[in-house]
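For reference, the structure discussed in these notes is given below.
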Amino acid sequence: MRAVIAEDSVLLRVGVVKVLEMAGFEVVAEVGDGEALLAAVEEHRPDIAVVDVRMPPGFTDEGVRAALVIRQQWPQTAVLLLSQYVEERYAADLLSANTSRIGYLLKQRVADVEEFAEALRRVAAGGTALDPQVVSQLLVRRHSGPLGRLTPREREVLELMAGGRSNAGIAEQLVVSESAVAKHINSIFAKLDLPKADADHRRVLAVLRFLGVA
């Protein structure tokens, strides 16, 4: 798979390149600002773009705005945003249009090469990867409404769902059976008053409800 990296810090950019190459990606372009990122994506049409949230010239949300353009103009290119701090509204902004091929991680996750590489592959394959700290903050802020009906275990399951984990991944993390996870998820669907639909669609709706997007 082919990747483009947008990061103004040369040191971090070199580190991300190494991690991507170790994970089996071909890095086709490295850039340091939003405009160069869009030009690189248009030229190379990569499978994934790894994007710093804050880049020149303003160091505010240049990466997020570029990511939104990518998702609109080149939807087959996955986007993994990297941020120095938890800025949860950006995750909600990106997920409000589409929950596939999107990730939002803190830069410190790059240090855990195996975990970061797994998140890259999951996002590039069409999945979602949200940083545990972002998910935890969202969980703390949303105790009211239907989410308040969930048990502590159901909240753990929903938190892991929001992080992009499969039923098998959730079962492994919580050290329970996959059938137990399935029961918790069905209970979550019921308590969040989600309409009957295919399992994948309801799963996405549950995560969006959790994020406050839907």
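Naming works like this for the structure tokens: A, B, ... for the chains as they're shown, residue 1 at the start of each chain, ligands 1 onward in shown order.
Every residue of range 12-151 of chain A found in strand (DSSP E) when DSSP is run on the backbone appears here: Glu26, Val27, Val28, Ala29, Glu30, Val31, Ile48, Ala49, Val50, Val51, Asp52, Ala78, Val79, Leu80, Leu81, Leu82, Ser83, Ile102, Gly103, Tyr104, Leu105, Leu106, Thr128, Ala129 and Leu130 of chain A.
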Write the selection just made, keeping N, CA and C atoms, as a PDB file, in the first residue's frame?
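again_36.pdb, written as the output of this step:
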```
ATOM      1  N   GLU A  26       4.542   1.769   1.165  1.00  0.00           N
ATOM      2  CA  GLU A  26       5.495   2.500   0.336  1.00  0.00           C
ATOM      3  C   GLU A  26       5.195   3.989   0.482  1.00  0.00           C
ATOM      4  N   VAL A  27       6.131   4.743   1.027  1.00  0.00           N
ATOM      5  CA  VAL A  27       5.932   6.181   1.206  1.00  0.00           C
ATOM      6  C   VAL A  27       6.268   6.880  -0.111  1.00  0.00           C
ATOM      7  N   VAL A  28       5.253   7.439  -0.758  1.00  0.00           N
ATOM      8  CA  VAL A  28       5.451   8.033  -2.089  1.00  0.00           C
ATOM      9  C   VAL A  28       5.690   9.538  -2.029  1.00  0.00           C
ATOM     10  N   ALA A  29       5.409  10.164  -0.877  1.00  0.00           N
ATOM     11  CA  ALA A  29       5.659  11.603  -0.745  1.00  0.00           C
ATOM     12  C   ALA A  29       5.702  11.992   0.726  1.00  0.00           C
ATOM     13  N   GLU A  30       6.564  12.970   1.037  1.00  0.00           N
ATOM     14  CA  GLU A  30       6.673  13.545   2.375  1.00  0.00           C
ATOM     15  C   GLU A  30       6.574  15.059   2.222  1.00  0.00           C
ATOM     16  N   VAL A  31       5.626  15.673   2.935  1.00  0.00           N
ATOM     17  CA  VAL A  31       5.421  17.119   2.804  1.00  0.00           C
ATOM     18  C   VAL A  31       5.293  17.749   4.191  1.00  0.00           C
ATOM     19  N   ILE A  48      -3.331   5.803   1.837  1.00  0.00           N
ATOM     20  CA  ILE A  48      -3.512   6.478   3.112  1.00  0.00           C
ATOM     21  C   ILE A  48      -2.637   7.724   3.187  1.00  0.00           C
ATOM     22  N   ALA A  49      -3.164   8.733   3.876  1.00  0.00           N
ATOM     23  CA  ALA A  49      -2.397   9.946   4.161  1.00  0.00           C
ATOM     24  C   ALA A  49      -2.276  10.081   5.678  1.00  0.00           C
ATOM     25  N   VAL A  50      -1.058  10.210   6.172  1.00  0.00           N
ATOM     26  CA  VAL A  50      -0.806  10.409   7.603  1.00  0.00           C
ATOM     27  C   VAL A  50      -0.545  11.891   7.796  1.00  0.00           C
ATOM     28  N   VAL A  51      -1.407  12.555   8.565  1.00  0.00           N
ATOM     29  CA  VAL A  51      -1.456  14.021   8.549  1.00  0.00           C
ATOM     30  C   VAL A  51      -1.360  14.610   9.955  1.00  0.00           C
ATOM     31  N   ASP A  52      -0.452  15.564  10.127  1.00  0.00           N
ATOM     32  CA  ASP A  52      -0.364  16.320  11.368  1.00  0.00           C
ATOM     33  C   ASP A  52      -1.548  17.289  11.432  1.00  0.00           C
ATOM     34  N   ALA A  78      -7.513   6.849   2.591  1.00  0.00           N
ATOM     35  CA  ALA A  78      -7.739   6.877   4.035  1.00  0.00           C
ATOM     36  C   ALA A  78      -6.925   8.003   4.661  1.00  0.00           C
ATOM     37  N   VAL A  79      -7.367   8.491   5.814  1.00  0.00           N
ATOM     38  CA  VAL A  79      -6.672   9.580   6.499  1.00  0.00           C
ATOM     39  C   VAL A  79      -6.449   9.204   7.959  1.00  0.00           C
ATOM     40  N   LEU A  80      -5.205   9.306   8.390  1.00  0.00           N
ATOM     41  CA  LEU A  80      -4.875   9.112   9.801  1.00  0.00           C
ATOM     42  C   LEU A  80      -4.278  10.411  10.328  1.00  0.00           C
ATOM     43  N   LEU A  81      -5.004  11.097  11.202  1.00  0.00           N
ATOM     44  CA  LEU A  81      -4.546  12.360  11.774  1.00  0.00           C
ATOM     45  C   LEU A  81      -3.699  12.101  13.018  1.00  0.00           C
ATOM     46  N   LEU A  82      -2.636  12.869  13.161  1.00  0.00           N
ATOM     47  CA  LEU A  82      -1.787  12.813  14.345  1.00  0.00           C
ATOM     48  C   LEU A  82      -1.842  14.159  15.054  1.00  0.00           C
ATOM     49  N   SER A  83      -2.015  14.126  16.372  1.00  0.00           N
ATOM     50  CA  SER A  83      -2.127  15.357  17.142  1.00  0.00           C
ATOM     51  C   SER A  83      -1.247  15.295  18.383  1.00  0.00           C
ATOM     52  N   ILE A 102     -10.754   6.349   8.508  1.00  0.00           N
ATOM     53  CA  ILE A 102     -10.370   7.534   9.266  1.00  0.00           C
ATOM     54  C   ILE A 102      -9.744   7.127  10.597  1.00  0.00           C
ATOM     55  N   GLY A 103      -8.707   7.843  10.988  1.00  0.00           N
ATOM     56  CA  GLY A 103      -8.071   7.598  12.270  1.00  0.00           C
ATOM     57  C   GLY A 103      -7.651   8.906  12.908  1.00  0.00           C
ATOM     58  N   TYR A 104      -7.611   8.911  14.234  1.00  0.00           N
ATOM     59  CA  TYR A 104      -7.184  10.102  14.979  1.00  0.00           C
ATOM     60  C   TYR A 104      -6.404   9.619  16.185  1.00  0.00           C
ATOM     61  N   LEU A 105      -5.095   9.815  16.174  1.00  0.00           N
ATOM     62  CA  LEU A 105      -4.227   9.318  17.231  1.00  0.00           C
ATOM     63  C   LEU A 105      -3.327  10.430  17.763  1.00  0.00           C
ATOM     64  N   LEU A 106      -2.922  10.295  19.013  1.00  0.00           N
ATOM     65  CA  LEU A 106      -1.914  11.184  19.562  1.00  0.00           C
ATOM     66  C   LEU A 106      -0.548  10.774  19.034  1.00  0.00           C
ATOM     67  N   THR A 128     -11.622   2.198  11.330  1.00  0.00           N
ATOM     68  CA  THR A 128     -11.503   3.413  12.126  1.00  0.00           C
ATOM     69  C   THR A 128     -10.524   3.168  13.271  1.00  0.00           C
ATOM     70  N   ALA A 129      -9.759   4.197  13.635  1.00  0.00           N
ATOM     71  CA  ALA A 129      -8.861   4.103  14.783  1.00  0.00           C
ATOM     72  C   ALA A 129      -8.883   5.416  15.540  1.00  0.00           C
ATOM     73  N   LEU A 130      -9.454   5.399  16.742  1.00  0.00           N
ATOM     74  CA  LEU A 130      -9.497   6.596  17.577  1.00  0.00           C
ATOM     75  C   LEU A 130      -8.614   6.390  18.794  1.00  0.00           C
TER      76      LEU A 130
END
```
*asked:* Need to verify the contact set: Ala66 in chain A, 9 Å, only C-alpha atoms, exclusion of same-chain residues closer than 3 positions in sequence. Can you return it as number ranges by chain?
replied: A: 34-35, 37-38, 51, 61-63, 69-71
Pull C-alpha atoms from the residues just selected and write them as a PDB file, in the first residue's frame.
```
ATOM      1  CA  GLY A  34      -1.564  21.375   3.894  1.00  0.00           C
ATOM      2  CA  GLU A  35      -1.250  22.697   0.353  1.00  0.00           C
ATOM      3  CA  LEU A  37      -0.374  17.499   1.047  1.00  0.00           C
ATOM      4  CA  LEU A  38      -3.315  18.093  -1.271  1.00  0.00           C
ATOM      5  CA  VAL A  51      -1.456  14.021   8.549  1.00  0.00           C
ATOM      6  CA  ASP A  61      -6.177  23.150  12.065  1.00  0.00           C
ATOM      7  CA  GLU A  62      -4.505  23.112   8.648  1.00  0.00           C
ATOM      8  CA  GLY A  63      -4.189  19.331   8.675  1.00  0.00           C
ATOM      9  CA  VAL A  69     -10.818  18.061   1.400  1.00  0.00           C
ATOM     10  CA  ILE A  70      -9.177  14.683   0.850  1.00  0.00           C
ATOM     11  CA  ARG A  71     -12.263  12.849   2.113  1.00  0.00           C
TER      12      ARG A  71
END
```
*Distance criterion (only C-alpha atoms): nearest to Pro152 in chain A out of A:His184, A:Ala6, A:Val123, A:Val176*: A:His184
*Rounded to one decimal in Å, what is the spacing between CA of Gly58 in chain A and CA of Arg101 in chain A?*
26.4 Å
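Nearest to Asp131 in chain A of all the residues A:Arg153, A:Arg45, A:Arg54, A:Arg109 is A:Arg109, counting only C-alpha atoms.
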*So, counting only C-alpha atoms, which residue among A:Gln73, A:Ala162, A:Met55, A:Val41 is closest to Ser100 in chain A?*
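Checking each candidate against Ser100 in chain A, we get A:Ala162 as the closest.
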_Could you list, as a VMD selection string, every residue within 9 Å of range 164-168 of chain A, counting only C-alpha atoms and ignoring same-chain residues fewer than 3 positions away?_
chain A and resid 103 119 122 to 123 127 to 130 159 to 161 171 to 173 177 to 179 181 to 182 185
_Per-residue DSSP, range 4-54 of chain A, filtered to alpha helix (DSSP H), as a PyMOL selection string_ = chain A and resi 10-22+34-44
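From CA of Thr151 in chain A back to CA of Gly169 in chain A, the distance works out to 19.8 Å.
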